[in-house]
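First the structure, in the form of structure tokens, and then the observations on it.
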Amino acid sequence: MFKLKLIIAIILIIEFKCQNIKFCDPVTSPINPTSLPKLPDEFEARVELNSLNENRNMESTILYDKNEKRADFTIREYNNSIRVIYDFEHDQIFSIKNRKCIAKKITESPQDNFFFGLVQDQFGLNMKPPNFLFHFNNGFPHEKLSQTTYRGIPVNHFRSCQDWPENKASLLIDYYFTIPGYNPAVSFFGDVFNELPVASTVKGYVEINEAEQTKREIYHEYNFFEFKPVVLRKSELFNLPRGVFCQNQTYKEPIPTVPESFSYITETINPKAKAASSERIFYSNQLKTFRLDIVTAANIKGVNVQDPVKIVHDYNSGVAYVINKNRGNCSFYPLGSIQLDNLDEAHLSSGYYTLKSPKDFLRIDDSLVYAGERYERGLLCDVFVSKKNASAELPEMVAELYFLKTQIYSDQSTDKLETVVPISYHINGQNFTIISHAFDFDSQLNRKNFDVSQCFQGKNRINFGIQFRYPDGVDEESFIQFYGRLLEDEFDEKIFKSFKFYSASPLRIARPRFEPNRRGFTVYSAITDRADSINHFIKNGKSKVDLQKIKHGVPANSPETCAEICLSDSQYNLPLDYKCMSFDICMQPIGGFICSFYNYSLTTDPAVVSDSAAECDHYSKITEWYDSASKDALYRMIEESVIRKELYLDVKDNQGNPVLTFSAIDIFQTTELSSESGSSGLSSFIKQFVLAAGNIDFNETAVLNSEQLIFRKNNGSSPEECARNCVRESTFECQIYTYNKETRECKWSSIGELFDSQNPSANYFIEKPGVEIFIKDPLYNFIKYPSKVTSIVDYTVEDATSESDCAIKCNKEKSFKCRSFNFCSSDDGKSFRCLLSETNIHSLDKDPNVVTTSLCSHFSKRALNDFQFFAHTQLSVEPQTKISRSTVESCAEICVFDDSFFCRSFDFDTERNICYLYKENLVDKYNFELGIKTNKKINHYSRQVYEKDGKLKNIEPLDKPSGIGAGTIAGILIVILIGGFIIGILFTFVYLKLSKKNDMLPVMKFVNPNYSRQIDE
């Protein structure tokens, strides 16, 4: 290596100094430097170096690009090759020999930078110009000799004598350039660079010692081949070679941000084993799911299926689904029992299984450094490389990750631009190479890619349909052409959001099917049951937990029964004092089994001590999340969102803003094999009501004569349609309707009090044969908060039998205004208590009186019950807030929850569904001008009560203003100023006339009497 550096060093230019021992004298007839051949700032060439005095030969390849601040130098001698890559922009030198690479900083390695030099310009570090490399036109005088031939090529001959004191050298350098007009085999930019270097010879003395008068003579010849004033394929040639990792590299390009969801086809090749395999992978960090499609699962431990299979890992539940693609049958396994080479599973320090992050899944970590650009499968890629140290299981290896350099469109139907596309992953070891190619990368995933609903048939699922209406401007044709495909993800998200506080996996929602018609469209889907409870737990062997840590225990006959109880205790995704995470099942000495339940497990809590017990088995929850809600509970929540007009689908623009809304108008259950609902098509509405009495009808005359009541009716309705009319009434809250079976006449009204079947009101009801009256379930007016209670209780009922019974008692309470209740069961679940209160929960996060318990649930009346209804009434004052696409109930809730001001009433536009919130209330009408007017399209709701400091208070009228407003005060001040001016004149006059009198004029004061603005009440 010393000789190599010496040979290269002879072409280093230095400042000229006089020496006594010289090989040559300066040229006597130098030419103008502007007449010398031009050297390009970018070139590549193959150079043959002959040391004629030493009988040696070397070959090198040089790539030089001053504009991009990069150079690449490779030299070969004695079958050895050394490559040095220079990256001046990032201050890095990469030295590669025998596939071993060391990285250094250019600024800290002057001994390794003698070839290209180093300068600091206005843009940072860079190499010296090409004259420095060729030692041509570099400040020393040059002369042009006669035209000659070199290697048979006509050339112009140039010569220069150069003294290099710092290298103790005196050299005679001859240069040979092609004559203008000569056409080489490969030519670029011939009009600019028409004289290309052919050769250079260096003769002279080096290692000159003036004191001892010694020197060493050299004679070197440099032949240039394939010189091109441009670098071809610079994207690869300036970068690290394949399978090489450089130690100490400091420069790192940012690794592309991987999307949260993606799918691709992977082809894995083992060249040495001559083996290849192909799989399809689906990954979603948002859904916490992973899917693998393989041709056969015969080699996967725990599966052993010869047919093609689809394996879905659901980290929401801890269950793995294996679906035979040929036969359609399914199997369930606990996560961790199927061995997939740890492809997607990660183990948290808490002991749970979780889905790997997108970066971990694609093997991206902080050890990756940038290796440059490289072509892979004909695609230009950014390459990142890391070194994996040897371990007990794996040898040392170098991993390379290829990302597509340019952006591509993956989905032409949505024009989605894929900004990050992995292309390949290479693993290079000492005796092996494994290559994994990725094809068809797509970040457009949704729940349909993880659909497991085929595993649940018959009673294991609830099939349903939801009807939506078209908004203005949309018909069946435009919906099919433009909008249908955009709503599938939106539907899944809105259905999952309707689950609210229930713990459920998004995979419980079956893939939706859209069926448009003339007036709207229907979406058919299903809610599946959860996988068998035992598959949510993993068996930890013959052990049990300390009995003192047991939360509760019950007799059982199998682990499946214990698992079912454990999941049932964890159906809400709320912070609870107890949430079942593991259980023991132990055989009793007297026979039978007992289950013991814990809110921690052996895998998640290292402080828990287990004892070996041959008679016990311990089971632990696999994942941190739960999928424990029943299908019936989830379907009820979907029904609730439809009935309360909370379910709608939005078409959004690129910024995520809604531009078109499709509102759900109906929901119904369907059969397993057909999308038709039959006679029960609208049962979700009629289920909200109970039959109160027969032969009772509205007294139309009394209701119509009431200014506070609204009355509606129509003919030809079915019982289900009549219930739907009441629920869908947008102008008032309907809780009562009547239906005549013979005439099919339906009536509904805004009467707010629940009908008492034992004592019908003479004012609003009359006896009428054949007519039935229906009232809403008493629980309908309450919002349930599972496992929550309020610490404020005004009255306790010990003999409550059910939640509905407790709601009835709250509605009939006379001693105070009951607005909520806690419903609690005893430890054995055989008796219940009903705790009534006048307070109400409006926000779980802000209410300090809310506590958590697994034995109770809280029920709060809906906010609309705090308002008094005034039909066809509107305020003309300025609203504080305007809310579009609202309902009466949501408007009342927003008014109650709003912290920006004290909302005391609202108007609701029944035609446009717009809500106007006010700080005024109708009780203020005697003190303020509210501009009350009649408007048949608008109803007014004035708030009657509110809570403050845990106490219920009535809305009181605001104080009447003093009558001295800002204008009045200004007028008075002007009058005072004018009066003062006049008095001043008079005072001066009187003083002049009566200067001897010393009487003081009285002082006039003005006080604004009690003018104030009420803030919170």
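In the structure tokens, each chain is lettered A, B, ... as it comes, each chain's residues begin at 1, and ligands are numbered from 1 in order of appearance.
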
**Study point:** Test item: residues at most 7 Å from range 245-257 of chain A, only C-alpha atoms, excluding those fewer than 4 positions along its chain, as a ChimeraX atom specification
**Key:** /A:90,101-104,369-370,385-387,398,420

Keeping all heavy atoms for every residue in the selection just given, could you write it to a file as a compact mmCIF listing (two decimals), in the first residue's frame?
```txt
# COMPACT_ATOMS: atom_id res chain seq x y z
N HIS A 90 -20.96 15.03 2.16
CA HIS A 90 -21.25 14.52 3.50
C HIS A 90 -19.98 14.16 4.27
O HIS A 90 -20.07 13.49 5.31
CB HIS A 90 -22.15 13.28 3.40
CG HIS A 90 -23.44 13.55 2.69
ND1 HIS A 90 -23.70 13.09 1.41
CD2 HIS A 90 -24.53 14.26 3.06
CE1 HIS A 90 -24.90 13.49 1.03
NE2 HIS A 90 -25.43 14.21 2.01
N CYS A 101 -15.39 -2.83 4.52
CA CYS A 101 -15.44 -1.39 4.29
C CYS A 101 -15.24 -0.64 5.59
O CYS A 101 -15.79 -1.01 6.63
CB CYS A 101 -16.78 -1.01 3.65
SG CYS A 101 -16.98 0.75 3.34
N ILE A 102 -14.43 0.42 5.51
CA ILE A 102 -14.22 1.32 6.63
C ILE A 102 -14.56 2.73 6.17
O ILE A 102 -14.13 3.17 5.10
CB ILE A 102 -12.76 1.28 7.13
CG1 ILE A 102 -12.40 -0.13 7.59
CG2 ILE A 102 -12.56 2.28 8.26
CD1 ILE A 102 -13.17 -0.60 8.80
N ALA A 103 -15.35 3.44 6.97
CA ALA A 103 -15.72 4.82 6.64
C ALA A 103 -14.94 5.78 7.52
O ALA A 103 -14.72 5.52 8.71
CB ALA A 103 -17.22 5.02 6.84
N LYS A 104 -14.50 6.88 6.93
CA LYS A 104 -13.80 7.92 7.65
C LYS A 104 -14.33 9.27 7.19
O LYS A 104 -14.96 9.40 6.14
CB LYS A 104 -12.29 7.87 7.38
CG LYS A 104 -11.62 6.57 7.77
CD LYS A 104 -10.13 6.62 7.42
CE LYS A 104 -9.42 5.32 7.76
NZ LYS A 104 -7.98 5.37 7.37
N VAL A 369 -28.08 2.43 7.50
CA VAL A 369 -27.44 3.64 6.98
C VAL A 369 -27.65 3.67 5.48
O VAL A 369 -27.96 2.66 4.85
CB VAL A 369 -25.94 3.68 7.32
CG1 VAL A 369 -25.74 3.79 8.82
CG2 VAL A 369 -25.23 2.44 6.77
N TYR A 370 -27.48 4.85 4.92
CA TYR A 370 -27.75 5.03 3.50
C TYR A 370 -26.58 4.53 2.67
O TYR A 370 -25.43 4.90 2.92
CB TYR A 370 -28.00 6.51 3.22
CG TYR A 370 -28.45 6.80 1.82
CD1 TYR A 370 -29.64 6.28 1.33
CD2 TYR A 370 -27.70 7.62 0.98
CE1 TYR A 370 -30.08 6.56 0.05
CE2 TYR A 370 -28.13 7.92 -0.31
CZ TYR A 370 -29.32 7.38 -0.77
OH TYR A 370 -29.75 7.67 -2.04
N VAL A 385 -28.61 -0.05 4.36
CA VAL A 385 -27.88 -1.27 4.71
C VAL A 385 -27.55 -1.26 6.20
O VAL A 385 -27.35 -0.21 6.80
CB VAL A 385 -26.60 -1.40 3.85
CG1 VAL A 385 -25.68 -0.21 4.10
CG2 VAL A 385 -25.88 -2.71 4.12
N SER A 386 -27.52 -2.44 6.80
CA SER A 386 -27.12 -2.58 8.19
C SER A 386 -26.40 -3.91 8.36
O SER A 386 -26.56 -4.83 7.54
CB SER A 386 -28.33 -2.51 9.13
OG SER A 386 -29.14 -3.66 8.97
N LYS A 387 -25.64 -3.99 9.43
CA LYS A 387 -24.90 -5.21 9.74
C LYS A 387 -25.53 -5.86 10.96
O LYS A 387 -25.72 -5.23 11.99
CB LYS A 387 -23.43 -4.89 10.01
CG LYS A 387 -22.57 -6.12 10.25
CD LYS A 387 -21.12 -5.71 10.45
CE LYS A 387 -20.22 -6.93 10.66
NZ LYS A 387 -18.81 -6.54 10.86
N VAL A 398 -25.23 -9.13 6.46
CA VAL A 398 -25.48 -7.76 6.03
C VAL A 398 -26.87 -7.73 5.38
O VAL A 398 -27.17 -8.52 4.49
CB VAL A 398 -24.42 -7.26 5.03
CG1 VAL A 398 -24.80 -5.90 4.47
CG2 VAL A 398 -23.06 -7.19 5.71
N VAL A 420 -44.18 5.62 -0.66
CA VAL A 420 -43.17 4.71 -0.12
C VAL A 420 -43.46 3.32 -0.67
O VAL A 420 -44.55 2.77 -0.43
CB VAL A 420 -43.18 4.67 1.41
CG1 VAL A 420 -42.15 3.69 1.92
CG2 VAL A 420 -42.90 6.06 1.97
```

Point to revise | Polymer residues at most 12 Å from range 202-210 of chain A, only C-alpha atoms, same-chain spacing of 5 or more positions, as number ranges by chain | key: A: 6-11, 18-25, 49-53, 134-135, 159-176, 215-223

Point to revise | Contacts of range 34-43 of chain A within 7 Å, only C-alpha atoms, excl. fewer than 6 positions in-chain, as a list in words | key: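 Contacts, in chain order: Leu63, Tyr64, Asp65, Lys66, Asn67, Pro130, Phe193, Glu195, Lys228, Pro229, Val230 and Val231 of chain A.
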
Print the selection's residues with all heavy atoms to a file, as an mmCIF file, in the first residue's frame.
```cif
data_model
loop_
_atom_site.group_PDB
_atom_site.id
_atom_site.type_symbol
_atom_site.label_atom_id
_atom_site.label_comp_id
_atom_site.auth_asym_id
_atom_site.auth_seq_id
_atom_site.Cartn_x
_atom_site.Cartn_y
_atom_site.Cartn_z
ATOM 1 N N LEU A 63 -13.807 7.797 -11.579
ATOM 2 C CA LEU A 63 -15.050 8.534 -11.825
ATOM 3 C C LEU A 63 -14.947 9.839 -11.045
ATOM 4 O O LEU A 63 -14.644 9.825 -9.848
ATOM 5 C CB LEU A 63 -16.283 7.739 -11.376
ATOM 6 C CG LEU A 63 -16.595 6.460 -12.151
ATOM 7 C CD1 LEU A 63 -15.938 5.266 -11.470
ATOM 8 C CD2 LEU A 63 -18.094 6.242 -12.226
ATOM 9 N N TYR A 64 -15.243 10.927 -11.729
ATOM 10 C CA TYR A 64 -15.023 12.247 -11.149
ATOM 11 C C TYR A 64 -16.229 13.123 -11.484
ATOM 12 O O TYR A 64 -16.622 13.236 -12.641
ATOM 13 C CB TYR A 64 -13.727 12.835 -11.720
ATOM 14 C CG TYR A 64 -13.396 14.241 -11.266
ATOM 15 C CD1 TYR A 64 -12.541 14.456 -10.200
ATOM 16 C CD2 TYR A 64 -13.924 15.349 -11.941
ATOM 17 C CE1 TYR A 64 -12.208 15.746 -9.800
ATOM 18 C CE2 TYR A 64 -13.601 16.638 -11.536
ATOM 19 C CZ TYR A 64 -12.756 16.836 -10.468
ATOM 20 O OH TYR A 64 -12.428 18.103 -10.070
ATOM 21 N N ASP A 65 -16.827 13.722 -10.447
ATOM 22 C CA ASP A 65 -17.978 14.604 -10.662
ATOM 23 C C ASP A 65 -17.880 15.753 -9.662
ATOM 24 O O ASP A 65 -18.321 15.646 -8.513
ATOM 25 C CB ASP A 65 -19.291 13.841 -10.479
ATOM 26 C CG ASP A 65 -20.501 14.636 -10.970
ATOM 27 O OD1 ASP A 65 -20.403 15.873 -11.056
ATOM 28 O OD2 ASP A 65 -21.535 14.022 -11.268
ATOM 29 N N LYS A 66 -17.297 16.853 -10.112
ATOM 30 C CA LYS A 66 -17.092 17.991 -9.223
ATOM 31 C C LYS A 66 -18.414 18.662 -8.860
ATOM 32 O O LYS A 66 -18.592 19.186 -7.765
ATOM 33 C CB LYS A 66 -16.160 19.002 -9.879
ATOM 34 C CG LYS A 66 -15.722 20.141 -8.958
ATOM 35 C CD LYS A 66 -14.694 21.018 -9.635
ATOM 36 C CE LYS A 66 -14.160 22.068 -8.670
ATOM 37 N NZ LYS A 66 -15.232 22.967 -8.196
ATOM 38 N N ASN A 67 -19.369 18.627 -9.778
ATOM 39 C CA ASN A 67 -20.654 19.283 -9.517
ATOM 40 C C ASN A 67 -21.428 18.594 -8.399
ATOM 41 O O ASN A 67 -22.046 19.250 -7.564
ATOM 42 C CB ASN A 67 -21.500 19.308 -10.795
ATOM 43 C CG ASN A 67 -20.846 20.134 -11.893
ATOM 44 O OD1 ASN A 67 -20.257 21.182 -11.612
ATOM 45 N ND2 ASN A 67 -20.925 19.661 -13.129
ATOM 46 N N PRO A 130 -10.363 19.535 -11.969
ATOM 47 C CA PRO A 130 -9.684 18.416 -12.659
ATOM 48 C C PRO A 130 -8.235 18.719 -13.015
ATOM 49 O O PRO A 130 -7.433 17.795 -13.170
ATOM 50 C CB PRO A 130 -10.546 18.201 -13.906
ATOM 51 C CG PRO A 130 -11.302 19.480 -14.094
ATOM 52 C CD PRO A 130 -11.516 20.032 -12.726
ATOM 53 N N PHE A 193 -15.643 19.311 -25.862
ATOM 54 C CA PHE A 193 -14.442 18.564 -25.482
ATOM 55 C C PHE A 193 -13.960 17.771 -26.702
ATOM 56 O O PHE A 193 -14.223 16.571 -26.831
ATOM 57 C CB PHE A 193 -14.740 17.637 -24.300
ATOM 58 C CG PHE A 193 -15.267 18.349 -23.093
ATOM 59 C CD1 PHE A 193 -16.599 18.241 -22.737
ATOM 60 C CD2 PHE A 193 -14.435 19.145 -22.330
ATOM 61 C CE1 PHE A 193 -17.089 18.896 -21.636
ATOM 62 C CE2 PHE A 193 -14.917 19.819 -21.225
ATOM 63 C CZ PHE A 193 -16.255 19.697 -20.874
ATOM 64 N N GLU A 195 -10.688 17.627 -27.593
ATOM 65 C CA GLU A 195 -9.328 17.168 -27.348
ATOM 66 C C GLU A 195 -9.351 16.360 -26.057
ATOM 67 O O GLU A 195 -9.448 16.912 -24.968
ATOM 68 C CB GLU A 195 -8.364 18.342 -27.227
ATOM 69 C CG GLU A 195 -8.227 19.174 -28.501
ATOM 70 C CD GLU A 195 -7.320 20.376 -28.311
ATOM 71 O OE1 GLU A 195 -6.092 20.215 -28.481
ATOM 72 O OE2 GLU A 195 -7.829 21.442 -27.956
ATOM 73 N N LYS A 228 -14.544 9.479 -21.117
ATOM 74 C CA LYS A 228 -15.847 10.070 -21.438
ATOM 75 C C LYS A 228 -16.036 11.293 -20.555
ATOM 76 O O LYS A 228 -15.869 11.207 -19.335
ATOM 77 C CB LYS A 228 -16.988 9.076 -21.175
ATOM 78 C CG LYS A 228 -16.826 7.724 -21.848
ATOM 79 C CD LYS A 228 -17.990 6.811 -21.493
ATOM 80 C CE LYS A 228 -17.780 5.408 -22.009
ATOM 81 N NZ LYS A 228 -16.670 4.707 -21.335
ATOM 82 N N PRO A 229 -16.391 12.439 -21.119
ATOM 83 C CA PRO A 229 -16.645 13.633 -20.294
ATOM 84 C C PRO A 229 -18.018 13.612 -19.640
ATOM 85 O O PRO A 229 -18.698 14.624 -19.537
ATOM 86 C CB PRO A 229 -16.533 14.770 -21.329
ATOM 87 C CG PRO A 229 -16.927 14.150 -22.610
ATOM 88 C CD PRO A 229 -16.464 12.723 -22.564
ATOM 89 N N VAL A 230 -18.426 12.446 -19.166
ATOM 90 C CA VAL A 230 -19.690 12.261 -18.460
ATOM 91 C C VAL A 230 -19.595 10.947 -17.693
ATOM 92 O O VAL A 230 -18.870 10.029 -18.102
ATOM 93 C CB VAL A 230 -20.896 12.232 -19.443
ATOM 94 C CG1 VAL A 230 -20.819 11.026 -20.370
ATOM 95 C CG2 VAL A 230 -22.215 12.262 -18.694
ATOM 96 N N VAL A 231 -20.281 10.858 -16.575
ATOM 97 C CA VAL A 231 -20.307 9.623 -15.780
ATOM 98 C C VAL A 231 -21.604 8.883 -16.087
ATOM 99 O O VAL A 231 -22.695 9.417 -15.884
ATOM 100 C CB VAL A 231 -20.203 9.909 -14.276
ATOM 101 C CG1 VAL A 231 -20.320 8.610 -13.476
ATOM 102 C CG2 VAL A 231 -18.884 10.600 -13.972
#
```

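Shell of Asn557 in chain A at 10 Å, with only C-alpha atoms counted and residues fewer than 5 places along the chain excluded, is Cys562, Ile585, Met587, Gly592, Phe593, Ile594 and Cys595 of chain A.
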
Could you please take those selected residues and save C-alpha atoms as a PDB file, in the first residue's frame?
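Now in again-v5.pdb:
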```
ATOM      1  CA  CYS A 562     -63.998 -20.156  32.863  1.00  0.00           C
ATOM      2  CA  ILE A 585     -59.075 -23.939  36.901  1.00  0.00           C
ATOM      3  CA  MET A 587     -59.853 -29.823  40.500  1.00  0.00           C
ATOM      4  CA  GLY A 592     -65.652 -30.891  40.327  1.00  0.00           C
ATOM      5  CA  PHE A 593     -63.668 -27.792  39.337  1.00  0.00           C
ATOM      6  CA  ILE A 594     -63.441 -24.214  40.500  1.00  0.00           C
ATOM      7  CA  CYS A 595     -62.347 -21.167  38.494  1.00  0.00           C
TER       8      CYS A 595
END
```

Exercise for review: Report the distance between CA of Lys105 in chain A and CA of Gln92 in chain A in Å, rounded to one decimal place.
Suggested key: 4.6 Å

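Those residues that approach Ile565 in chain A to within 12 Å, counting only C-alpha atoms, are Asp532, Ser533, Ile534, His552, Gly553, Val554, Pro555, Ala556, Ser558, Pro559, Gln571, Lys579, Cys580, Met581, Ser582, Phe583, Cys595, Ser596, Phe597, Tyr598, Ser628 and Ala629 of chain A; same-chain residues fewer than 6 positions away are not listed.
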
Point to revise | Close residues, Thr873 in chain A itself excluded, 6 Å, only C-alpha atoms, min 5 positions apart in chain, as a ChimeraX atom specification | key: /A:933-935,939-940

I need the chosen residues saved as a compact mmCIF listing (two decimals), in the first residue's frame, with all heavy atoms.
```txt
# COMPACT_ATOMS: atom_id res chain seq x y z
N LYS A 933 -91.03 35.35 17.77
CA LYS A 933 -91.95 35.35 16.65
C LYS A 933 -92.35 33.93 16.29
O LYS A 933 -91.71 32.96 16.72
CB LYS A 933 -91.33 36.04 15.45
CG LYS A 933 -90.06 35.41 14.92
CD LYS A 933 -89.47 36.21 13.77
CE LYS A 933 -88.19 35.58 13.24
NZ LYS A 933 -87.61 36.37 12.13
N THR A 934 -93.40 33.81 15.51
CA THR A 934 -93.91 32.50 15.09
C THR A 934 -93.26 32.08 13.78
O THR A 934 -93.15 32.88 12.84
CB THR A 934 -95.43 32.53 14.92
OG1 THR A 934 -96.03 32.90 16.16
CG2 THR A 934 -95.97 31.18 14.49
N ASN A 935 -92.79 30.81 13.73
CA ASN A 935 -92.18 30.26 12.52
C ASN A 935 -92.48 28.77 12.50
O ASN A 935 -92.01 28.02 13.37
CB ASN A 935 -90.67 30.51 12.51
CG ASN A 935 -90.03 30.13 11.18
OD1 ASN A 935 -90.55 29.29 10.44
ND2 ASN A 935 -88.90 30.74 10.89
N ASN A 939 -88.70 25.28 16.01
CA ASN A 939 -89.18 25.08 17.37
C ASN A 939 -88.13 25.60 18.34
O ASN A 939 -86.93 25.53 18.07
CB ASN A 939 -89.46 23.60 17.64
CG ASN A 939 -90.59 23.06 16.79
OD1 ASN A 939 -91.55 23.77 16.50
ND2 ASN A 939 -90.47 21.80 16.37
N HIS A 940 -88.61 26.06 19.47
CA HIS A 940 -87.71 26.61 20.48
C HIS A 940 -87.67 25.70 21.70
O HIS A 940 -88.67 25.11 22.10
CB HIS A 940 -88.16 28.01 20.90
CG HIS A 940 -87.28 28.61 21.96
ND1 HIS A 940 -86.05 29.14 21.69
CD2 HIS A 940 -87.47 28.72 23.32
CE1 HIS A 940 -85.50 29.57 22.81
NE2 HIS A 940 -86.34 29.33 23.81
```

**Study point:** Point-to-point distance in Å for CA of Tyr86 in chain A and CA of Asn138 in chain A
**Key:**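 Rounded to one decimal, the two atoms are 22.3 Å apart.
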
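Rounded to one decimal, CA of Tyr483 in chain A and CA of Glu418 in chain A lie 22.1 Å from each other.
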